file start37.txt (compact mmCIF, C-alpha atoms)
# COMPACT_ATOMS: atom_id res chain seq x y z
CA MET E 1 7.20 -17.93 -20.39
CA ASP E 2 9.33 -14.85 -19.81
CA LEU E 3 7.74 -11.89 -18.04
CA ARG E 4 9.09 -8.42 -17.30
CA ILE E 5 7.37 -6.33 -14.63
CA GLY E 6 8.24 -2.67 -14.16
CA GLN E 7 7.67 0.05 -11.57
CA PHE E 8 7.91 3.76 -12.44
CA ASN E 9 6.88 7.00 -10.74
CA LEU E 10 6.22 9.23 -13.76
CA GLU E 11 6.47 12.49 -11.77
CA ASN E 12 3.31 14.39 -12.65
CA LEU E 13 2.13 12.89 -15.93
CA PHE E 14 -0.64 15.42 -16.39
CA ASN E 15 -2.70 16.54 -19.34
CA ARG E 16 -3.69 19.68 -17.43
CA TYR E 17 -4.07 22.50 -18.19
CA HIS E 18 -5.13 23.63 -21.61
CA LEU E 19 -6.64 27.09 -21.21
CA PRO E 20 -7.97 28.41 -24.53
CA GLU E 21 -7.83 32.12 -25.25
CA ARG E 22 -11.56 32.16 -25.94
CA GLN E 23 -14.44 30.30 -24.40
CA ARG E 24 -15.34 27.42 -26.72
CA GLY E 25 -18.61 28.13 -28.51
CA ALA E 26 -18.89 31.72 -27.32
CA ARG E 27 -20.39 33.76 -30.15
CA THR E 28 -18.95 36.99 -28.79
CA GLY E 29 -15.40 35.65 -28.54
CA LYS E 30 -15.48 36.33 -24.81
CA PRO E 31 -12.04 35.92 -23.15
CA VAL E 32 -11.71 33.23 -20.51
CA ASP E 33 -12.22 34.41 -16.94
CA PRO E 34 -10.63 31.70 -14.73
CA GLU E 35 -12.10 33.09 -11.50
CA ALA E 36 -15.61 33.11 -12.97
CA SER E 37 -15.10 29.57 -14.23
CA VAL E 38 -14.20 28.37 -10.74
CA ARG E 39 -17.21 30.13 -9.24
CA GLU E 40 -19.37 28.27 -11.74
CA GLY E 41 -17.94 24.92 -10.66
CA GLY E 42 -15.00 24.58 -13.03
CA ASN E 43 -11.56 23.35 -12.05
CA ILE E 44 -9.24 25.50 -14.12
CA ASN E 45 -7.76 26.58 -10.79
CA MET E 46 -6.87 23.60 -8.61
CA LEU E 47 -7.46 24.09 -4.89
CA GLY E 48 -7.36 27.84 -5.30
CA TRP E 49 -3.87 27.92 -6.80
CA PRO E 50 -3.53 30.00 -9.96
CA VAL E 51 -3.01 28.39 -13.33
CA GLU E 52 0.51 29.81 -13.47
CA ASP E 53 1.52 27.61 -10.52
CA PHE E 54 0.92 24.49 -12.59
CA ASP E 55 2.81 23.24 -15.56
CA THR E 56 2.07 20.43 -17.94
CA VAL E 57 4.70 17.78 -18.55
CA SER E 58 6.77 19.02 -21.46
CA SER E 59 6.99 17.12 -24.71
CA ALA E 60 10.68 16.53 -23.95
CA GLN E 61 9.79 14.93 -20.62
CA ARG E 62 7.09 12.77 -22.18
CA LYS E 63 9.58 11.54 -24.76
CA ALA E 64 12.12 10.79 -22.03
CA ILE E 65 9.52 8.84 -20.04
CA ALA E 66 8.64 6.93 -23.19
CA LYS E 67 12.30 6.19 -23.86
CA VAL E 68 12.74 4.70 -20.37
CA ILE E 69 9.75 2.45 -21.01
CA ALA E 70 10.55 1.59 -24.62
CA ARG E 71 14.21 0.73 -23.97
CA ASN E 72 13.16 -1.73 -21.27
CA ALA E 73 9.84 -2.91 -22.74
CA PRO E 74 8.07 -4.30 -19.66
CA ASP E 75 5.08 -6.54 -20.21
CA ILE E 76 3.37 -4.95 -17.20
CA LEU E 77 4.20 -1.53 -15.76
CA ALA E 78 2.91 -0.14 -12.46
CA VAL E 79 2.91 3.67 -12.48
CA GLN E 80 2.40 6.53 -10.03
CA GLU E 81 1.69 10.24 -10.39
CA VAL E 82 -0.54 9.93 -13.43
CA GLU E 83 -3.50 12.28 -13.64
CA ASN E 84 -6.24 9.96 -14.86
CA GLN E 85 -7.22 7.20 -17.28
CA PHE E 86 -7.24 9.56 -20.23
CA ALA E 87 -3.76 10.86 -19.45
CA LEU E 88 -2.30 7.34 -19.31
CA GLU E 89 -4.11 6.07 -22.38
CA SER E 90 -3.31 9.12 -24.49
CA PHE E 91 0.35 8.95 -23.44
CA ALA E 92 0.55 5.26 -24.39
CA ARG E 93 -1.26 5.84 -27.66
CA ARG E 94 1.02 8.66 -28.75
CA PHE E 95 4.41 7.81 -27.26
CA LEU E 96 4.33 4.01 -26.86
CA LYS E 97 2.65 3.21 -30.17
CA GLY E 98 3.20 -0.35 -31.33
CA MET E 99 4.40 -1.63 -27.94
CA GLY E 100 1.24 -3.60 -27.28
CA TYR E 101 -0.08 -1.80 -24.22
CA THR E 102 -3.67 -2.62 -25.00
CA TYR E 103 -4.71 -2.44 -21.37
CA ALA E 104 -4.46 0.59 -19.10
CA ALA E 105 -6.18 1.33 -15.82
CA VAL E 106 -6.33 4.29 -13.45
CA ILE E 107 -8.89 4.92 -10.71
CA ASP E 108 -9.05 8.37 -9.14
CA GLY E 109 -7.62 8.16 -5.64
CA ASN E 110 -7.55 10.39 -2.59
CA ASP E 111 -4.81 12.85 -3.56
CA GLN E 112 -6.14 16.37 -4.12
CA ARG E 113 -3.38 17.02 -6.64
CA GLN E 114 -4.87 14.21 -8.74
CA ILE E 115 -1.70 12.14 -8.74
CA ASN E 116 -2.99 8.61 -9.05
CA VAL E 117 -1.66 5.09 -9.40
CA GLY E 118 -2.25 2.91 -12.43
CA ILE E 119 -1.05 0.14 -14.67
CA LEU E 120 -0.13 -0.54 -18.29
CA SER E 121 -0.28 -4.13 -19.51
CA ARG E 122 0.11 -6.25 -22.59
CA PHE E 123 -2.03 -8.90 -20.90
CA PRO E 124 -5.74 -8.55 -20.13
CA ILE E 125 -6.69 -6.78 -16.92
CA THR E 126 -9.57 -8.85 -15.56
CA HIS E 127 -10.26 -7.27 -12.17
CA LEU E 128 -9.71 -3.93 -10.44
CA ARG E 129 -10.38 -3.16 -6.81
CA SER E 130 -9.82 0.20 -5.15
CA HIS E 131 -9.05 0.46 -1.44
CA LYS E 132 -9.18 4.26 -1.34
CA TRP E 133 -12.18 4.29 1.03
CA LEU E 134 -10.45 2.24 3.72
CA VAL E 135 -10.44 4.24 6.97
CA ASP E 136 -8.60 4.10 10.27
CA GLY E 137 -10.13 4.01 13.75
CA GLY E 138 -10.74 7.75 13.63
CA GLY E 139 -12.60 7.61 10.34
CA GLU E 140 -9.75 9.10 8.29
CA ARG E 141 -8.85 7.57 4.95
CA ILE E 142 -5.68 5.53 5.23
CA PHE E 143 -4.31 5.79 1.72
CA SER E 144 -2.94 9.08 0.44
CA ARG E 145 -3.75 7.89 -3.08
CA ASP E 146 -4.87 4.27 -3.22
CA CYS E 147 -3.85 0.67 -2.99
CA LEU E 148 -5.04 -0.45 -6.42
CA GLU E 149 -5.55 -4.21 -6.60
CA VAL E 150 -5.15 -5.47 -10.16
CA ASP E 151 -5.61 -8.97 -11.54
CA VAL E 152 -3.87 -9.66 -14.84
CA SER E 153 -4.65 -12.74 -16.91
CA MET E 154 -1.62 -14.47 -18.42
CA PRO E 155 -1.05 -17.76 -20.23
CA LYS E 156 0.59 -19.34 -17.17
CA GLY E 157 -2.04 -18.20 -14.69
CA PRO E 158 -3.21 -14.98 -13.02
CA LEU E 159 -0.93 -12.36 -11.52
CA THR E 160 -2.13 -9.89 -8.88
CA LEU E 161 -0.43 -6.55 -8.25
CA PHE E 162 -1.15 -4.18 -5.37
CA VAL E 163 -0.05 -0.81 -6.80
CA ASN E 164 0.76 1.83 -4.18
CA HIS E 165 2.04 5.34 -3.62
CA PHE E 166 2.48 6.02 0.10
CA LYS E 167 2.51 9.35 1.90
CA SER E 168 5.36 11.67 0.89
CA LYS E 169 8.22 12.31 3.29
CA ILE E 170 7.64 16.03 2.93
CA GLY E 171 6.35 17.10 6.32
CA GLY E 172 7.21 13.79 7.97
CA GLY E 173 4.32 11.33 7.84
CA ALA E 174 6.08 8.29 9.30
CA LEU E 175 3.02 7.24 11.31
CA HIS E 176 0.84 7.63 8.23
CA ARG E 177 3.15 5.44 6.15
CA ALA E 178 3.26 2.85 8.93
CA ALA E 179 -0.54 2.72 8.89
CA GLN E 180 -0.51 2.37 5.12
CA ALA E 181 2.03 -0.46 5.29
CA GLU E 182 -0.08 -2.23 7.89
CA ALA E 183 -3.20 -1.80 5.77
CA VAL E 184 -1.52 -3.21 2.66
CA ALA E 185 -0.20 -6.17 4.65
CA GLY E 186 -3.74 -6.84 5.84
CA ILE E 187 -5.20 -6.57 2.33
CA VAL E 188 -2.65 -9.05 0.97
CA GLU E 189 -3.21 -11.43 3.88
CA ASP E 190 -6.98 -11.32 3.39
CA ARG E 191 -6.56 -12.18 -0.27
CA PHE E 192 -3.79 -14.79 -0.17
CA ASP E 193 -3.41 -16.12 3.38
CA GLY E 194 -2.97 -19.89 3.36
CA THR E 195 -2.54 -20.14 -0.40
CA ARG E 196 0.60 -21.47 -2.02
CA GLY E 197 2.07 -20.98 -5.42
CA LYS E 198 0.16 -17.78 -6.19
CA LEU E 199 1.78 -14.98 -8.15
CA TYR E 200 1.33 -11.58 -6.53
CA ALA E 201 3.34 -8.53 -5.54
CA VAL E 202 3.11 -5.25 -3.67
CA ILE E 203 4.64 -2.71 -5.99
CA GLY E 204 5.07 1.04 -6.00
CA ASP E 205 6.61 4.18 -4.55
CA LEU E 206 6.39 3.53 -0.80
CA ASN E 207 8.40 6.64 0.14
CA MET E 208 10.47 4.76 2.70
CA GLU E 209 13.47 2.51 2.97
CA ALA E 210 13.09 -1.16 3.81
CA ASP E 211 15.00 -0.71 7.09
CA GLU E 212 12.79 2.12 8.41
CA PRO E 213 10.40 1.34 11.30
CA GLU E 214 7.28 2.15 9.27
CA PHE E 215 8.16 -0.69 6.87
CA ALA E 216 7.81 -3.27 9.66
CA ALA E 217 4.32 -4.54 8.78
CA LEU E 218 5.38 -5.36 5.23
CA ALA E 219 8.67 -6.88 6.38
CA ALA E 220 6.68 -9.26 8.57
CA THR E 221 4.74 -10.73 5.62
CA PRO E 222 5.91 -13.61 3.38
CA LEU E 223 6.73 -11.04 0.69
CA TYR E 224 10.32 -10.76 -0.56
CA ASN E 225 11.87 -7.37 -1.26
CA LEU E 226 13.40 -8.13 -4.64
CA LEU E 227 15.83 -5.22 -4.58
CA ASP E 228 17.53 -6.84 -1.60
CA ALA E 229 19.27 -8.98 -4.23
CA LEU E 230 21.34 -5.91 -5.15
CA PRO E 231 24.24 -4.49 -3.10
CA PRO E 232 22.95 -1.82 -0.66
CA GLU E 233 24.72 1.00 -2.47
CA GLU E 234 22.94 0.06 -5.72
CA ARG E 235 19.37 -0.01 -4.40
CA TRP E 236 18.57 3.71 -4.59
CA THR E 237 15.70 4.57 -6.91
CA HIS E 238 14.93 8.22 -6.14
CA ALA E 239 17.02 11.36 -6.41
CA TRP E 240 15.13 13.86 -4.26
CA ILE E 241 16.34 17.29 -5.38
CA LYS E 242 16.05 19.64 -2.42
CA PRO E 243 16.61 23.42 -2.14
CA LYS E 244 19.99 24.72 -3.31
CA LYS E 245 20.35 21.66 -5.58
CA ARG E 246 21.05 19.33 -2.66
CA VAL E 247 20.16 15.77 -3.58
CA GLU E 248 19.09 12.96 -1.27
CA TYR E 249 19.29 9.44 -2.67
CA ARG E 250 17.02 6.72 -1.34
CA GLN E 251 15.15 3.56 -2.25
CA SER E 252 11.57 4.73 -2.44
CA ASP E 253 10.42 2.24 -5.06
CA HIS E 254 9.79 -1.38 -4.16
CA LEU E 255 8.83 -4.72 -5.68
CA LEU E 256 7.71 -7.05 -2.92
CA ALA E 257 7.03 -10.48 -4.41
CA SER E 258 5.18 -13.56 -3.23
CA PRO E 259 7.34 -16.66 -2.68
CA ALA E 260 6.25 -18.19 -5.98
CA LEU E 261 7.01 -14.99 -7.89
CA LYS E 262 10.32 -14.53 -6.10
CA ASN E 263 11.38 -18.07 -7.04
CA ALA E 264 10.78 -17.19 -10.70
CA LEU E 265 13.06 -14.11 -10.57
CA ARG E 266 15.91 -14.12 -13.05
CA SER E 267 17.27 -10.57 -13.06
CA LEU E 268 16.76 -6.98 -11.88
CA HIS E 269 17.55 -3.68 -13.54
CA ILE E 270 17.30 -0.08 -12.29
CA GLU E 271 17.08 2.36 -15.21
CA ARG E 272 18.85 5.63 -14.38
CA ARG E 273 19.49 7.12 -17.81
CA GLY E 274 16.42 9.35 -17.56
CA LEU E 275 17.40 11.04 -14.29
CA PRO E 276 17.94 14.82 -14.10
CA GLN E 277 21.49 16.10 -14.39
CA GLU E 278 21.51 17.08 -10.69
CA ALA E 279 21.54 13.39 -9.75
CA THR E 280 25.32 13.21 -9.95
CA ARG E 281 25.61 9.90 -8.11
CA PHE E 282 24.70 8.33 -11.43
CA THR E 283 27.88 8.65 -13.44
CA GLY E 284 26.76 6.64 -16.45
CA LYS E 285 25.66 8.00 -19.79
CA ARG E 286 22.18 9.51 -19.85
CA PHE E 287 19.83 9.47 -22.79
CA ALA E 288 21.06 12.03 -25.31
CA SER E 289 17.86 14.05 -24.94
CA VAL E 290 18.35 14.57 -21.18
CA LYS E 291 20.26 17.84 -21.25
CA GLY E 292 18.78 20.06 -18.57
CA GLU E 293 15.73 21.02 -16.55
CA GLY E 294 12.52 19.92 -18.19
CA THR E 295 14.14 17.22 -20.32
CA GLU E 296 14.50 14.46 -17.71
CA ALA E 297 12.08 11.54 -17.48
CA SER E 298 11.54 11.65 -13.70
CA ASP E 299 13.39 12.09 -10.44
CA HIS E 300 12.61 8.40 -9.89
CA CYS E 301 14.34 5.50 -11.57
CA ALA E 302 12.25 2.84 -13.21
CA VAL E 303 12.79 -0.65 -11.81
CA PHE E 304 12.40 -3.79 -13.92
CA ALA E 305 12.32 -7.42 -12.84
CA ASP E 306 12.53 -10.40 -15.19
CA PHE E 307 10.80 -13.68 -14.36
CA GLU E 308 10.66 -17.11 -15.93
CA LEU E 309 7.27 -18.58 -15.17
call {"tool": "encode", "arguments": {"input": "start37.txt", "output": "C-alpha cells"}}
result
Amino acid sequence: MDLRIGQFNLENLFNRYHLPERQRGARTGKPVDPEASVREGGNINMLGWPVEDFDTVSSAQRKAIAKVIARNAPDILAVQEVENQFALESFARRFLKGMGYTYAAVIDGNDQRQINVGILSRFPITHLRSHKWLVDGGGERIFSRDCLEVDVSMPKGPLTLFVNHFKSKIGGGALHRAAQAEAVAGIVEDRFDGTRGKLYAVIGDLNMEADEPEFAALAATPLYNLLDALPPEERWTHAWIKPKKRVEYRQSDHLLASPALKNALRSLHIERRGLPQEATRFTGKRFASVKGEGTEASDHCAVFADFEL
C-alpha cells in the first residue's frame, strides 16, 4: 500500500478568543467585564495579558493552511501549535471536508500558551499516550509541550508516531532541548528496543538542526533522518522572521524513521507555497491567496514523505 505521512507546524491554530458584546443569558444586557471574568475564574485573559494582545487565526490563514494540506493530501498528518481537540476537529470539519480525516487527537500539554501537538489521520487511532508528566532529576517537567505517542492501525500493520514540539530557540534553551531529545530517545528505546521490522517515527518541530549538539541523543538511535536524503541547501523548513524583517532559515522540522519505515521511503516533498512573502529564499510561485501579512499558511513548511509498505 502507498502511505503519505506529513509534518506541519500550523503556527497558532487557535479558536480563541470570541468575546461577545453582552454576557450570554444576562437579562439586563450587561456588558462583558473581562477583569471581573478573570477574577471569577474565567480565562478570557490568558496569563494576565489583555485580549488585544491575542489574535485568532484569520480565515485567510486557515484557508492557506487547508490548501497546503489539501494539495498534498497526507494520509496521516502530525501537527504542532494547535489549541485543543475542538480547534483541530472544527478546522478539519470546515476546511478539510471530504478528505477523510475521520480521526483527530490532541492532548493538552505543558505550554501555557496552549500550543499543543496533535494528529489527523484517515486510519484509526488505536492508542494515545502522553509523556507530558515526565520530569528530570530536579522534578521539572521535561517537555515544553508533550511527546505524544500515537498508534495508528493500518491494513499492513500498526504505525507508531512520537509527535513532538521541542523548546523554542527564543531565549536559548539548548540544554532543555538536549534533555528533551534524550527523553524521546529513551521513550523510543523502551518501546521498540530489540524489535525488528516495526514501523515508527519521531516526528515534529524539534527547533534544532540535525548537526547541533543537542540533537546527539537522537542521532545515536537507529532512527534515520529522512530529510538527509535532500541536498543540505534544500532541507530548510522554517523561515524565522526576526525584527526588521530579517529572516533566518533552518531545518526545525524532522521525520526520524525506524529502519523498516526508512526502507519503505519512496519520495520526500517540502511544501513552501504557503510561506509568508518575507521568506524570499523561496523563489517559486506561492498560492495565489498568499499576498501579504495574515494570508500565509505558516512560517513553517509542511514536510511530506511517501512510503510503499
call {"tool": "residues_around", "arguments": {"input": "start37.txt", "residues": "Val150 of chain E", "least_positions_apart": "2", "cutoff": "8 Å", "atoms": "all atoms listed in the file", "output": "NGL selection string"}}
result
:E and (125-129 or 148 or 152 or 160-163)
call {"tool": "atom_distance", "arguments": {"input": "start37.txt", "atom1": "atom CA of Thr102 of chain E", "atom2": "atom CA of Asp306 of chain E"}}
result
20.5 Å
call {"tool": "residues_around", "arguments": {"input": "start37.txt", "residues": "Arg145 of chain E", "least_positions_apart": "6", "cutoff": "12 Å", "atoms": "all atoms listed in the file", "output": "PyMOL selection string"}}
result
chain E and resi 80-83+106-118+130-134+163-168+177+180+204-206
call {"tool": "write_last_selection", "arguments": {"input": "start37.txt", "atoms": "C-alpha atoms", "output": "short mmCIF file (atom, residue, chain, number, x, y, z; two decimals), keeping the file's coordinate frame"}}
result
data_model
loop_
_atom_site.label_atom_id
_atom_site.label_comp_id
_atom_site.auth_asym_id
_atom_site.auth_seq_id
_atom_site.Cartn_x
_atom_site.Cartn_y
_atom_site.Cartn_z
CA GLN E 80 2.40 6.53 -10.03
CA GLU E 81 1.69 10.24 -10.39
CA VAL E 82 -0.54 9.93 -13.43
CA GLU E 83 -3.50 12.28 -13.64
CA VAL E 106 -6.33 4.29 -13.45
CA ILE E 107 -8.89 4.92 -10.71
CA ASP E 108 -9.05 8.37 -9.14
CA GLY E 109 -7.62 8.16 -5.64
CA ASN E 110 -7.55 10.39 -2.59
CA ASP E 111 -4.81 12.85 -3.56
CA GLN E 112 -6.14 16.37 -4.12
CA ARG E 113 -3.38 17.02 -6.64
CA GLN E 114 -4.87 14.21 -8.74
CA ILE E 115 -1.70 12.14 -8.74
CA ASN E 116 -2.99 8.61 -9.05
CA VAL E 117 -1.66 5.09 -9.40
CA GLY E 118 -2.25 2.91 -12.43
CA SER E 130 -9.82 0.20 -5.15
CA HIS E 131 -9.05 0.46 -1.44
CA LYS E 132 -9.18 4.26 -1.34
CA TRP E 133 -12.18 4.29 1.03
CA LEU E 134 -10.45 2.24 3.72
CA VAL E 163 -0.05 -0.81 -6.80
CA ASN E 164 0.76 1.83 -4.18
CA HIS E 165 2.04 5.34 -3.62
CA PHE E 166 2.48 6.02 0.10
CA LYS E 167 2.51 9.35 1.90
CA SER E 168 5.36 11.67 0.89
CA ARG E 177 3.15 5.44 6.15
CA GLN E 180 -0.51 2.37 5.12
CA GLY E 204 5.07 1.04 -6.00
CA ASP E 205 6.61 4.18 -4.55
CA LEU E 206 6.39 3.53 -0.80
#
call {"tool": "closest_residue", "arguments": {"input": "start37.txt", "among": "E:Ala260, E:Lys156, E:Lys285, E:His300", "to": "Arg196 of chain E", "atoms": "all atoms listed in the file"}}
result
E:Ala260
call {"tool": "residues_around", "arguments": {"input": "start37.txt", "residues": "Ala279 of chain E", "least_positions_apart": "5", "cutoff": "10 Å", "atoms": "all atoms listed in the file", "output": "ChimeraX atom specification"}}
result
/E:238-241,245-249,272,299
call {"tool": "residues_around", "arguments": {"input": "start37.txt", "residues": "Pro155 of chain E", "least_positions_apart": "6", "cutoff": "10 Å", "atoms": "only C-alpha atoms", "output": "list in words"}}
result
Met1, Phe123 and Leu309 of chain E
call {"tool": "write_last_selection", "arguments": {"input": "start37.txt", "atoms": "C-alpha atoms", "output": "PDB file, in the coordinates of the input"}}
result
ATOM      1  CA  MET E   1       7.200 -17.930 -20.390  1.00  0.00           C
ATOM      2  CA  PHE E 123      -2.030  -8.900 -20.900  1.00  0.00           C
ATOM      3  CA  LEU E 309       7.270 -18.580 -15.170  1.00  0.00           C
TER       4      LEU E 309
END
call {"tool": "atom_distance", "arguments": {"input": "start37.txt", "atom1": "atom CA of Lys262 of chain E", "atom2": "atom CA of Ala70 of chain E"}}
result
24.6 Å
call {"tool": "residues_around", "arguments": {"input": "start37.txt", "residues": "Val68 of chain E", "least_positions_apart": "5", "cutoff": "9 Å", "atoms": "only C-alpha atoms", "output": "ChimeraX atom specification"}}
result
/E:63,73,271-274,287,297,301-302
call {"tool": "closest_residue", "arguments": {"input": "start37.txt", "among": "E:Val184, E:Leu3, E:Leu268, E:Ala104", "to": "Phe307 of chain E", "atoms": "all atoms listed in the file"}}
result
E:Leu3
call {"tool": "atom_distance", "arguments": {"input": "start37.txt", "atom1": "atom CA of Ser144 of chain E", "atom2": "atom CA of His176 of chain E"}}
result
8.8 Å
call {"tool": "closest_residue", "arguments": {"input": "start37.txt", "among": "E:Gln251, E:Asn207, E:Asn12, E:Ser121", "to": "Leu227 of chain E", "atoms": "all atoms listed in the file"}}
result
E:Gln251
call {"tool": "closest_residue", "arguments": {"input": "start37.txt", "among": "E:Lys67, E:Gly284, E:Leu120, E:Ala217", "to": "Glu89 of chain E", "atoms": "only C-alpha atoms"}}
result
E:Leu120
